[in-house]
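Asks: I'd like to ask some things about the structure below.
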Amino acid sequence: MGGMARRWRWLLVPGAVLIAVGVIAAIPASRTAMLRSAGWVLVVNEPVQPADIIVITADSDGAGTLEAADLVHQGIAARVAVFEDPPDVIDREFLRRGLPYHNATTQFTEDLQRLGVRTIERIPRSVSGTDDEGRVLPAWFAQRGFRSVIVVCTSDHSRRVRRVLARALKDRGTRVTIRYARYSRFDPDRWWQTRDGVRTAIVELEKLALDMLRHPIS
């Protein structure tokens, strides 16, 4: 009985999020405060102070690169780390046929160098999402002896990144600050005005709700 209840709970939470977002999005534009509040539920942006290194999450794209470079030029940290991007099955087939594949790590590195970042490190593990980053980063921080880290991510992922890393690094003695990239495509103040914004809000609110359901104290 308990297992069946848990399965129904997993199904009901995403549905409830979808309904809630739909109701909020239908509110007249004059009531934008509620819409903004819904957008900012996803967002965390913590004050930064000097740190050992800046880590760019794998899905932050150019926005994360720009933010990390700006932090380096502000003197917050001298080093930036990016995740490795080994070729998958499709990439290997392109390579077999003599064609290059898009290596995100190489792109991150080249862009950072052009933006004036001199010291770039590669985290030697591929990740497919926030939960993977939470599993990989604690051991890498400990191996390298980092005591203070700034993690740069997109705005819509920032609160979930905060929760995942807070759990992963509990009692490890590493201070982690979450900084969302200012050039993120998701705008918590106007997300309901575009189709992409609505889609991102729905997906990320679902993921955040599930994370809170699985880890109510985080």
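By convention here, the chains of the structure tokens are called A, B, ... in the order presented, each chain's residues are numbered starting at 1, and ligands are numbered starting at 1 in the order presented.
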Which residues are near range 77-86 of chain A? Cut-off 8 Å, only C-alpha atoms, ignore same chain within fewer than 6 positions. Put them as an NGL selection string.

Replies: :A and (50-58 or 68 or 71 or 103-105 or 108-109 or 117-127)

Asks: Keeping N, CA and C atoms, export the residues of the selection given above as a compact mmCIF listing (two decimals), in the first residue's frame.

Replies:
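The file below, out.txt, is the result:
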# COMPACT_ATOMS: atom_id res chain seq x y z
N PRO A 50 35.88 36.52 -2.46
CA PRO A 50 36.99 35.78 -3.06
C PRO A 50 36.94 34.29 -2.77
N ALA A 51 37.23 33.50 -3.81
CA ALA A 51 37.13 32.05 -3.71
C ALA A 51 38.32 31.40 -4.40
N ASP A 52 38.52 30.11 -4.15
CA ASP A 52 39.62 29.37 -4.75
C ASP A 52 39.42 29.16 -6.24
N ILE A 53 38.18 28.94 -6.65
CA ILE A 53 37.91 28.62 -8.05
C ILE A 53 36.44 28.88 -8.37
N ILE A 54 36.17 29.10 -9.65
CA ILE A 54 34.81 29.24 -10.16
C ILE A 54 34.52 28.01 -11.02
N VAL A 55 33.38 27.38 -10.79
CA VAL A 55 32.97 26.22 -11.58
C VAL A 55 31.76 26.61 -12.42
N ILE A 56 31.83 26.32 -13.71
CA ILE A 56 30.70 26.57 -14.61
C ILE A 56 29.94 25.26 -14.78
N THR A 57 28.65 25.26 -14.50
CA THR A 57 27.87 24.04 -14.68
C THR A 57 27.79 23.69 -16.17
N ALA A 58 27.56 22.41 -16.44
CA ALA A 58 27.63 21.91 -17.81
C ALA A 58 26.58 22.51 -18.73
N ALA A 68 31.48 33.89 -15.53
CA ALA A 68 32.73 33.47 -14.92
C ALA A 68 33.86 34.42 -15.28
N LEU A 71 33.61 37.58 -13.27
CA LEU A 71 34.03 37.38 -11.88
C LEU A 71 35.56 37.33 -11.76
N ASN A 103 32.66 19.92 -29.36
CA ASN A 103 33.15 19.63 -28.03
C ASN A 103 32.88 20.85 -27.14
N ALA A 104 31.90 20.71 -26.24
CA ALA A 104 31.50 21.86 -25.42
C ALA A 104 32.64 22.34 -24.53
N THR A 105 33.46 21.41 -24.03
CA THR A 105 34.57 21.80 -23.16
C THR A 105 35.58 22.66 -23.90
N PHE A 108 34.03 26.11 -24.36
CA PHE A 108 34.11 26.87 -23.11
C PHE A 108 35.52 27.42 -22.91
N THR A 109 36.51 26.54 -23.10
CA THR A 109 37.89 26.91 -22.85
C THR A 109 38.35 28.02 -23.78
N VAL A 117 40.59 34.94 -19.47
CA VAL A 117 40.82 34.02 -18.34
C VAL A 117 42.05 33.18 -18.66
N ARG A 118 43.03 33.19 -17.79
CA ARG A 118 44.30 32.54 -18.08
C ARG A 118 44.39 31.11 -17.52
N THR A 119 43.75 30.85 -16.40
CA THR A 119 43.88 29.54 -15.76
C THR A 119 42.53 28.82 -15.82
N ILE A 120 42.49 27.77 -16.62
CA ILE A 120 41.24 27.01 -16.83
C ILE A 120 41.52 25.54 -16.53
N GLU A 121 40.71 24.95 -15.69
CA GLU A 121 40.86 23.54 -15.33
C GLU A 121 39.68 22.74 -15.86
N ARG A 122 39.93 21.46 -16.09
CA ARG A 122 38.87 20.57 -16.57
C ARG A 122 38.54 19.53 -15.50
N ILE A 123 37.28 19.40 -15.21
CA ILE A 123 36.82 18.40 -14.26
C ILE A 123 36.66 17.09 -15.04
N PRO A 124 37.46 16.08 -14.75
CA PRO A 124 37.53 14.89 -15.60
C PRO A 124 36.37 13.92 -15.43
N ARG A 125 35.17 14.41 -15.51
CA ARG A 125 33.99 13.55 -15.47
C ARG A 125 32.90 14.20 -16.32
N SER A 126 32.21 13.40 -17.10
CA SER A 126 31.06 13.93 -17.83
C SER A 126 29.84 13.87 -16.92
N VAL A 127 28.95 14.84 -17.05
CA VAL A 127 27.73 14.87 -16.26
C VAL A 127 26.55 15.14 -17.19

Asks: Taking only C-alpha atoms into account, produce a table as a tab-separated table in which each residue of range 114-166 of chain A with an atom at most 7 Å from an atom of range 182-191 of chain A appears once, together with its shortest atom pair and the distance in Å to one decimal, ordered by chain and rising number.

Replies:
residue	atom	partner	partner_atom	distance
A:Thr154	CA	A:Ser184	CA	5.3
A:Ser155	CA	A:Ser184	CA	6.0
A:Asp156	CA	A:Phe186	CA	6.1

Asks: Quick one: contact table of range 52-81 of chain A to range 169-180 of chain A, 9 Å max, nearest atom pair and distance in Å to one decimal per residue, counting only C-alpha atoms, chain and number order, as CSV?

Replies:
residue,atom,partner,partner_atom,distance
A:Ala63,CA,A:Tyr180,CA,9.0
A:Gly64,CA,A:Tyr180,CA,7.9
A:Glu67,CA,A:Tyr180,CA,8.0

Asks: In terms of the shortest atom-to-atom distance over only C-alpha atoms, which of A:Ser218, A:Asp111, A:Ala166, A:His157 is closest to Gly39 in chain A?

Replies: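 The answer is A:His157, which sits nearest to Gly39 in chain A.
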
Asks: Name all residues at most 10 Å from Ile217 in chain A (count only C-alpha atoms; drop same-chain ones fewer than 2 positions away) and give them as a VMD selection string.

Replies: chain A and resid 163 167 212 to 215

Asks: Export N, CA and C atoms of the chosen residues as a CSV table (one decimal), in the first residue's frame?

Replies:
chain,number,residue,atom,x,y,z
A,163,ARG,N,20.3,23.5,-3.7
A,163,ARG,CA,19.8,22.4,-2.8
A,163,ARG,C,20.6,21.1,-3.0
A,167,ARG,N,23.2,19.5,0.0
A,167,ARG,CA,23.2,18.1,0.5
A,167,ARG,C,24.5,17.4,0.3
A,212,MET,N,12.2,18.8,-3.8
A,212,MET,CA,11.7,19.1,-2.4
A,212,MET,C,10.9,17.9,-1.8
A,213,LEU,N,10.2,17.2,-2.7
A,213,LEU,CA,9.5,16.0,-2.2
A,213,LEU,C,10.4,15.0,-1.7
A,214,ARG,N,11.4,14.7,-2.5
A,214,ARG,CA,12.4,13.7,-2.1
A,214,ARG,C,13.3,14.1,-0.9
A,215,HIS,N,13.6,15.4,-0.8
A,215,HIS,CA,14.5,15.9,0.2
A,215,HIS,C,13.8,17.1,0.9

Asks: Quick one: of A:Pro100, A:Asp132, A:Asp211, A:Ala201, who's nearest to Val41 in chain A, counting only C-alpha atoms?

Replies: A:Ala201

Asks: Could you go through range 47-161 of chain A and tell me which residues DSSP, when run on the backbone, assigns to helix (DSSP H, G or I), listing them as a ChimeraX atom specification?

Replies: /A:61-73,89-96,104-114,130-144,155-161

Asks: Mind giving me the straight-line distance from CA of Ser128 in chain A to CA of Leu66 in chain A in Å, one decimal?

Replies: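 Separating CA of Ser128 in chain A from CA of Leu66 in chain A is a distance of 21.6 Å.
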
Asks: Among range 63-164 of chain A, which residues carry a DSSP assignment of strand (DSSP E or B), reported as a ChimeraX atom specification?

Replies: /A:79-83,119-123,148-153

Asks: Just to confirm, what's the straight-line distance from CA of Leu99 in chain A to CA of Pro87 in chain A in Å (one decimal)?

Replies: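 Answer for the CA of Leu99 in chain A to CA of Pro87 in chain A separation: 12.5 Å.
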
Asks: May I have the residues within 12 Å of Lys207 in chain A as a VMD selection string, using only C-alpha atoms and disregarding those fewer than 2 positions away in the same chain?

Replies: chain A and resid 10 13 to 15 17 to 18 42 129 to 131 156 to 161 163 to 164 200 to 205 209 to 214

Asks: In Å, how far is it from CA of Val198 in chain A to CA of Arg36 in chain A?

Replies: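 For CA of Val198 in chain A relative to CA of Arg36 in chain A, the distance reads 12.1 Å.
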